[in-house]
Amino acid sequence: MFWLGAFYFAYRSTSASPPSQREIEEILGSGGNENENGEEETPQEKHKQPAGHHPKPHPQYQPRQVGKSNLRSIVGINSRTEKEMIDMRDLNKNLPFDNPSGGVWTQGWDIEPVDVSRSHPLTVYVVPHSHCDPGWLKTFDDYFQSQTKQILTSVVEALKLDKRRKFIWAEVSYFEWWWKEQTAETQDVVRELLKNKQLEFVTGGWVQPDEANTQLYAMEIQLQEGHDFINRTFGEDYIPQHGWSIDPFGYSPTMAYLLKKHKFKGMLIQRVHYAVKKELALHKHLEFMWRQTWDTTGEYDIFTHMLANVGVSEDGIQYAVECPWEYQVKPIHDGNVEKRAMILLDQYMKKAALYRSNVVIAPLGDDFRYRSITEANAQYDNYQRIFDYLNENVPGVTLQFGTLSDYFNSVVGTFNPPILKGSFFTYSDRNEDYWSGYFTSRVFDKALDRWLERALYAASSMGATKEEMQQSRRALSLFQHHDGVTGTATDEVVRDYAKRIFGAIRKAQKWMIKRMRQEHRHLPSLQPCLQSTTPRGLSVNVCHDGDEVVLYNPLETEQFCGNVRVRGRSIALGKLPCEEVGPPPNSRVTLQFDEETGLMTHPIREQWMVWSVEEGGAYLFFPGKLDSYKGSDVTIEKDGYVVHTKNWRRTVIERTYPSSFGTTAKVIDFVYETFLDTDNEEWFVRFSSDIENKGIFHTDLNGYNFDTHYFRADLPIQSQVFPMPTHASIEDGKRRLTILSEHAQGTASLKEGSIDIWLDRRLAQDDGRGVGQGVQDNVPTRTRLRIVIEEEGYDTGEDEFEITPLCKQMWEELNHPLELFGSRDKGKQPRASLTLDNDEYRAMGSDKSSNQHRIVAASDAAASSISYKYGIPVVFLVYKRVDYFRKSIDTLRQSDFPRDSVPIIISHDGHVEEMISFVESIKSEFRVIQLFHPFACSEHPNTFPGDDPKLNVGYRGDSYGNPREARVCCLKHHFAWMLNEVFNLDELSKFDGFLFMEEDYIVAPTIYETIQTGFSSIDENNQKEEFFGLTFDITDGFSYKSPPQEGDWSVKRFVTGPMAFRRDMYDRIKKNAAEFCLFDEYNWDWSIVHMMGKELMPYKTLVPNELQVAHIGLKGGLHERSIGNMEARRIEDTNELQPFHGKIENGFGNLGAFMDTRKVHDAGYGGWGHPSDHDHCLKLFEDKSHIGNDDS
């Protein structure tokens, strides 16, 4: 919720003597009492400090007394002729955070207004708005019915009356509901207002999200839900290009990244620590280019405006009616317009002094304002009279109503803004009141939020569309509101949010069950194993140890349930429990526990801690007395792996990880179940080590970015608690300690070598920020923390902190674990109930779905009467050229390919609906195994292996200096993955090898006879060690004309596909995978040629002199070329190749030789120089690393 907290610069009249403070309040509508610091009190509105409140710092930490700081000594600023760089991490490390009185502007200084004249003009945009929280003191529904729909109706009516009036709207969740209730006539009016640019959407998300506790995944979903509505209803031209974030309690650069990703041009923020805001204002740095810490080029920079004051409504607010603070404000008329107009202009001129342009933005609004047409018209009329007076009587002044776009379009490009990196946490609005409590408030509901995220992610990975998941997506989106996931709403609203999330989880789970039963019809009626009976009830496992369960893995990498491996985006059968408490076999870790307390003492020290406090509430944390938790009747089980008291339970689980990540790391899960029922206590667990981190502490920002903090003994403890959406870490040159969490909470590093993780907090009092109650609705809560201790693989010398690949994998598995489903029918035997048909490959997906693998029998007909010695399935790599693939399948259909007994494998590069539909249509004719490349660039456009902007940061290019481009790399990634997949699928293990083709190749009627003849001839002549395999196009895709040859077959050097080879050649490729993966060559075929040049495998292929496979898709693609000879043109037109019955009767000595003698380029053709591509490729060739399914 946002409040009207306007500050006022010292009045400086340009004509008459200055009015009293009381007169200013009356004129501007500020009202309210002031506390002794000169700060206004609005006790009925949110986030104001109660009168007489003087928080004391913790005795251990006394803030130092210093004077006003100088920013130039803190951040890297060279001169006005160069780009100024502000790093918030350095600023927070060095800024004194003193708070000297600034006079009328308590947290500032006495500001002189700018000079205004025709030669130095001033333009002011007054931006009307109403901040409408989707839940806070009332529920979302209650607010809409009692206030919000009246606001929207009043605003639309007011805007119709005068085209000079404007208004901005942010919360699409409310607008969408209001829109559905409007008549066609009103909807037409709204469309006209949007067209006239009187009404404008800003940000356009479902809500105005919190930026501390949220993950990027949920932040983007709520943005998509809002934008999708705007696009469907009004068109893409009305999707916002500017962000409006006036109420979240601190800001993350992740939001800046997200808006830039969605093509935003600018953004406006508000709640920043008063000392930081003052420091930036001193140097006119309140407008800047917000840069990602990992971005060295500025590609993701976004112009950012920080409001100068402590409140949204700015210094110029005037209420004509219903002043929030019960002051009677007089309307503007001829008798008072001059005096009021000059006071208002003075405020705007002083605000202009804090910025570098001559354009000012003045938001005009507050919480739930413009509730009636009377209020709206009076507000617009009063300001228009002031505008008219000033525009006519003061040279150089232009004032008008405006939108956010009006302001940004006027100011951007008028000056050279500084660059700023970092976040704006932790927020303080005054004194030593730090908003670090909400990082943990209602921690149960923060965990419930992530449960819904997991369910949505799993359903989406299984193929659920946005439309199918709309209810669940919108429930998640609503809770991202800055009084939702923050835990800062009233008890009633918290229960309402939980009810929505609870229903959304169930809906996503039901969809998954339905989809699995559609894909695997032999499954019985299923239920989720983890269930809760009430929205705010702790989930329990209704499946029992020993039960057979269906396991679904939503990740693209494999996970395990016990010894059962579940490949990416696949299902398998398993038996509970999936994890055992106690040391696993062949444990790499030696754990030690205290004999009396049961707490861990090695390899890290575990302490249960309590802050006993006297103040603080939903928003604010104030430390009190620190002590160890003293639980009675401590019970220690399993040698310390399980410890529990009345209100705490802790379970330790050791975790294994692939040897590809090394063998020295230790990974340990701590599962805490707590029920905090004592008022004014804050529970946390402290993990200590002998790491010498020198006060340096790392946390994540929204599961995407990272932040670095420096412990300061001169600042209060509450200032050094930070949001931990997923991650906290300390390190030195010997070890790194990382703690991962499955939900958000607060964290700190207050002692050398230690990390504190909050588990819950319960407060009996309100903290004066508007919610009007404490936090006493605690329920039993579960928190799983994953501890990763690493001795290698991380780099303390990096400029920017990064997690290791092991840590990333552990995070993904923690946040997206296996989804478990058991049988509802307790009367059936589990194994009989859950047996999957052996003819079905256990993977999920259809339509625009998951990365699936599925084998479908073509028919029950007997196999072909022709007996073939070599079983060689055809593997197609396909993307979106469906017309060509139809032709390819037509020729295969008309060939001698034994489709009743040999499958075709179709490996999709992305989920192209038209391609998937076509494949679906041929399953009655062919035995089809569908593969979906889980790392398809089309489905990861902004993350690896797509064009992740981070990948070119610090990358010096390939052998030729070229930056990394996904379009160049992706085909080799797909081929490497597909190669490993087909040679490792259990269903295909009986086949000798494979014929590899792409979607735009056609085959001859005798393709399978040709394959049999070729391999048989190689074996009968004992030439297996001399030949890589078979190729079928002697022209290598019409690269040159086929030379005249004697006989039917020739021997040639391998250049490119299509080709058929057997398992022995795959084994050689795998054995020498480093040569394939590390060679700077983006072509997979030339990478194999390189290996042949290194004599790691044979270079010869046997090729028929008659085309048996032809490339018809030469137009388009990465290597586009014209069709250059008569034969190619004929094939393109007729889609036909000639039969071939050629034999090799007199041995290989009489074969024609067409040998390409070109040498292999040592450096390759480039495009494949990035270490990320190398590492990913190598992992695909490691055992258990290809992405597929499991038959366990």
# chains A, B, ... in the order shown; residues from 1 in each chain; ligands from 1
>>> residues_around(residues="A:Ala744", least_positions_apart="4", cutoff="8 Å", atoms="only C-alpha atoms", output="ChimeraX atom specification")
/A:213-214,439-440,443,446-447,723-726
>>> select_by_dssp(residues="stretch 1021-1102 of chain A", states="alpha helix (DSSP H)", output="ChimeraX atom specification")
/A:1063-1071,1073-1078,1084-1093
>>> closest_residue(among="A:Glu1145, A:Asp690, A:Glu453, A:Asp700", to="A:Glu1020", atoms="only C-alpha atoms")
A:Glu1145
>>> select_by_dssp(residues="stretch 91-125 of chain A", states="strand (DSSP E or B)", output="ChimeraX atom specification")
/A:122-125
>>> write_last_selection(atoms="C-alpha atoms", output="PDB file, in the first residue's frame")
ATOM      1  CA  LEU A 122      10.746  24.670 -17.265  1.00  0.00           C
ATOM      2  CA  THR A 123       8.269  22.018 -18.382  1.00  0.00           C
ATOM      3  CA  VAL A 124       6.171  20.228 -15.758  1.00  0.00           C
ATOM      4  CA  TYR A 125       4.064  17.131 -16.329  1.00  0.00           C
TER       5      TYR A 125
END
>>> closest_residue(among="A:Ser532, A:Ser436, A:Leu194, A:Ile513", to="A:Arg824", atoms="only C-alpha atoms")
A:Ile513
>>> residues_around(residues="A:Thr708", least_positions_apart="3", cutoff="12 Å", atoms="only C-alpha atoms", output="ChimeraX atom specification")
/A:87-93,293,421-425,693,695-701,705,711,720,722-723,727-731,748-749,799-802
>>> residues_around(residues="A:Ser689", least_positions_apart="3", cutoff="7 Å", atoms="only C-alpha atoms", output="ChimeraX atom specification")
/A:604-605,753-754
>>> write_last_selection(atoms="all heavy atoms", output="PDB file, in the first residue's frame")
ATOM      1  N   ILE A 604      30.075 -28.181   9.378  1.00  0.00           N
ATOM      2  CA  ILE A 604      29.728 -26.825   9.789  1.00  0.00           C
ATOM      3  C   ILE A 604      29.051 -26.914  11.147  1.00  0.00           C
ATOM      4  O   ILE A 604      28.598 -27.984  11.564  1.00  0.00           O
ATOM      5  CB  ILE A 604      28.801 -26.124   8.777  1.00  0.00           C
ATOM      6  CG1 ILE A 604      27.540 -26.972   8.541  1.00  0.00           C
ATOM      7  CG2 ILE A 604      29.513 -25.812   7.482  1.00  0.00           C
ATOM      8  CD1 ILE A 604      26.522 -26.294   7.669  1.00  0.00           C
ATOM      9  N   ARG A 605      28.974 -25.773  11.827  1.00  0.00           N
ATOM     10  CA  ARG A 605      28.348 -25.726  13.138  1.00  0.00           C
ATOM     11  C   ARG A 605      26.947 -25.134  12.997  1.00  0.00           C
ATOM     12  O   ARG A 605      26.764 -24.073  12.393  1.00  0.00           O
ATOM     13  CB  ARG A 605      29.185 -24.896  14.110  1.00  0.00           C
ATOM     14  CG  ARG A 605      30.553 -25.496  14.367  1.00  0.00           C
ATOM     15  CD  ARG A 605      31.360 -24.688  15.365  1.00  0.00           C
ATOM     16  NE  ARG A 605      31.702 -23.367  14.856  1.00  0.00           N
ATOM     17  CZ  ARG A 605      32.711 -23.128  14.020  1.00  0.00           C
ATOM     18  NH1 ARG A 605      33.466 -24.137  13.576  1.00  0.00           N
ATOM     19  NH2 ARG A 605      32.979 -21.897  13.620  1.00  0.00           N
ATOM     20  N   GLY A 753      32.544 -15.775   9.162  1.00  0.00           N
ATOM     21  CA  GLY A 753      32.424 -17.200   8.867  1.00  0.00           C
ATOM     22  C   GLY A 753      31.043 -17.776   9.077  1.00  0.00           C
ATOM     23  O   GLY A 753      30.887 -19.005   9.061  1.00  0.00           O
ATOM     24  N   SER A 754      30.020 -16.931   9.266  1.00  0.00           N
ATOM     25  CA  SER A 754      28.693 -17.465   9.574  1.00  0.00           C
ATOM     26  C   SER A 754      27.633 -16.866   8.660  1.00  0.00           C
ATOM     27  O   SER A 754      27.797 -15.793   8.090  1.00  0.00           O
ATOM     28  CB  SER A 754      28.317 -17.177  11.026  1.00  0.00           C
ATOM     29  OG  SER A 754      28.052 -15.794  11.204  1.00  0.00           O
TER      30      SER A 754
END
>>> atom_distance(atom1="atom CA of A:Arg521", atom2="atom CA of A:Gly822")
15.2 Å
>>> closest_residue(among="A:Asp491, A:Asp766, A:Glu1095, A:Glu939", to="A:Phe621", atoms="only C-alpha atoms")
A:Asp766
>>> residues_around(residues="stretch 771-781 of chain A", least_positions_apart="2", cutoff="10 Å", atoms="only C-alpha atoms", output="VMD selection string")
chain A and resid 1 43 to 47 136 to 137 441 to 445 447 to 448 483 487 to 491 494 to 495 536 to 539 615 to 619 647 to 648 672 to 680 759 to 769 783
>>> residues_around(residues="A:Gln527", least_positions_apart="4", cutoff="9 Å", atoms="only C-alpha atoms", output="ChimeraX atom specification")
/A:509-510,513,531,542,820-824
>>> closest_residue(among="A:Phe991, A:Phe1181, A:Phe661, A:Phe932", to="A:Tyr879", atoms="only C-alpha atoms")
A:Phe932
>>> residues_around(residues="A:Phe144", least_positions_apart="4", cutoff="10 Å", atoms="only C-alpha atoms", output="list in words")
Cys132, Asp133, Pro134, Gly135, Lys138, Thr139, Phe140, Thr148, Lys149, Gln150, Ile151, Ser173, Tyr174, Phe175, Trp177 and Trp178 of chain A
>>> atom_distance(atom1="atom CA of A:Leu995", atom2="atom CA of A:Met1059")
5.7 Å
>>> closest_residue(among="A:Tyr1001, A:Phe1032, A:Tyr274, A:Phe670", to="A:Arg430", atoms="only C-alpha atoms")
A:Tyr274
>>> atom_distance(atom1="atom CA of A:Lys265", atom2="atom CA of A:Tyr427")
25.4 Å
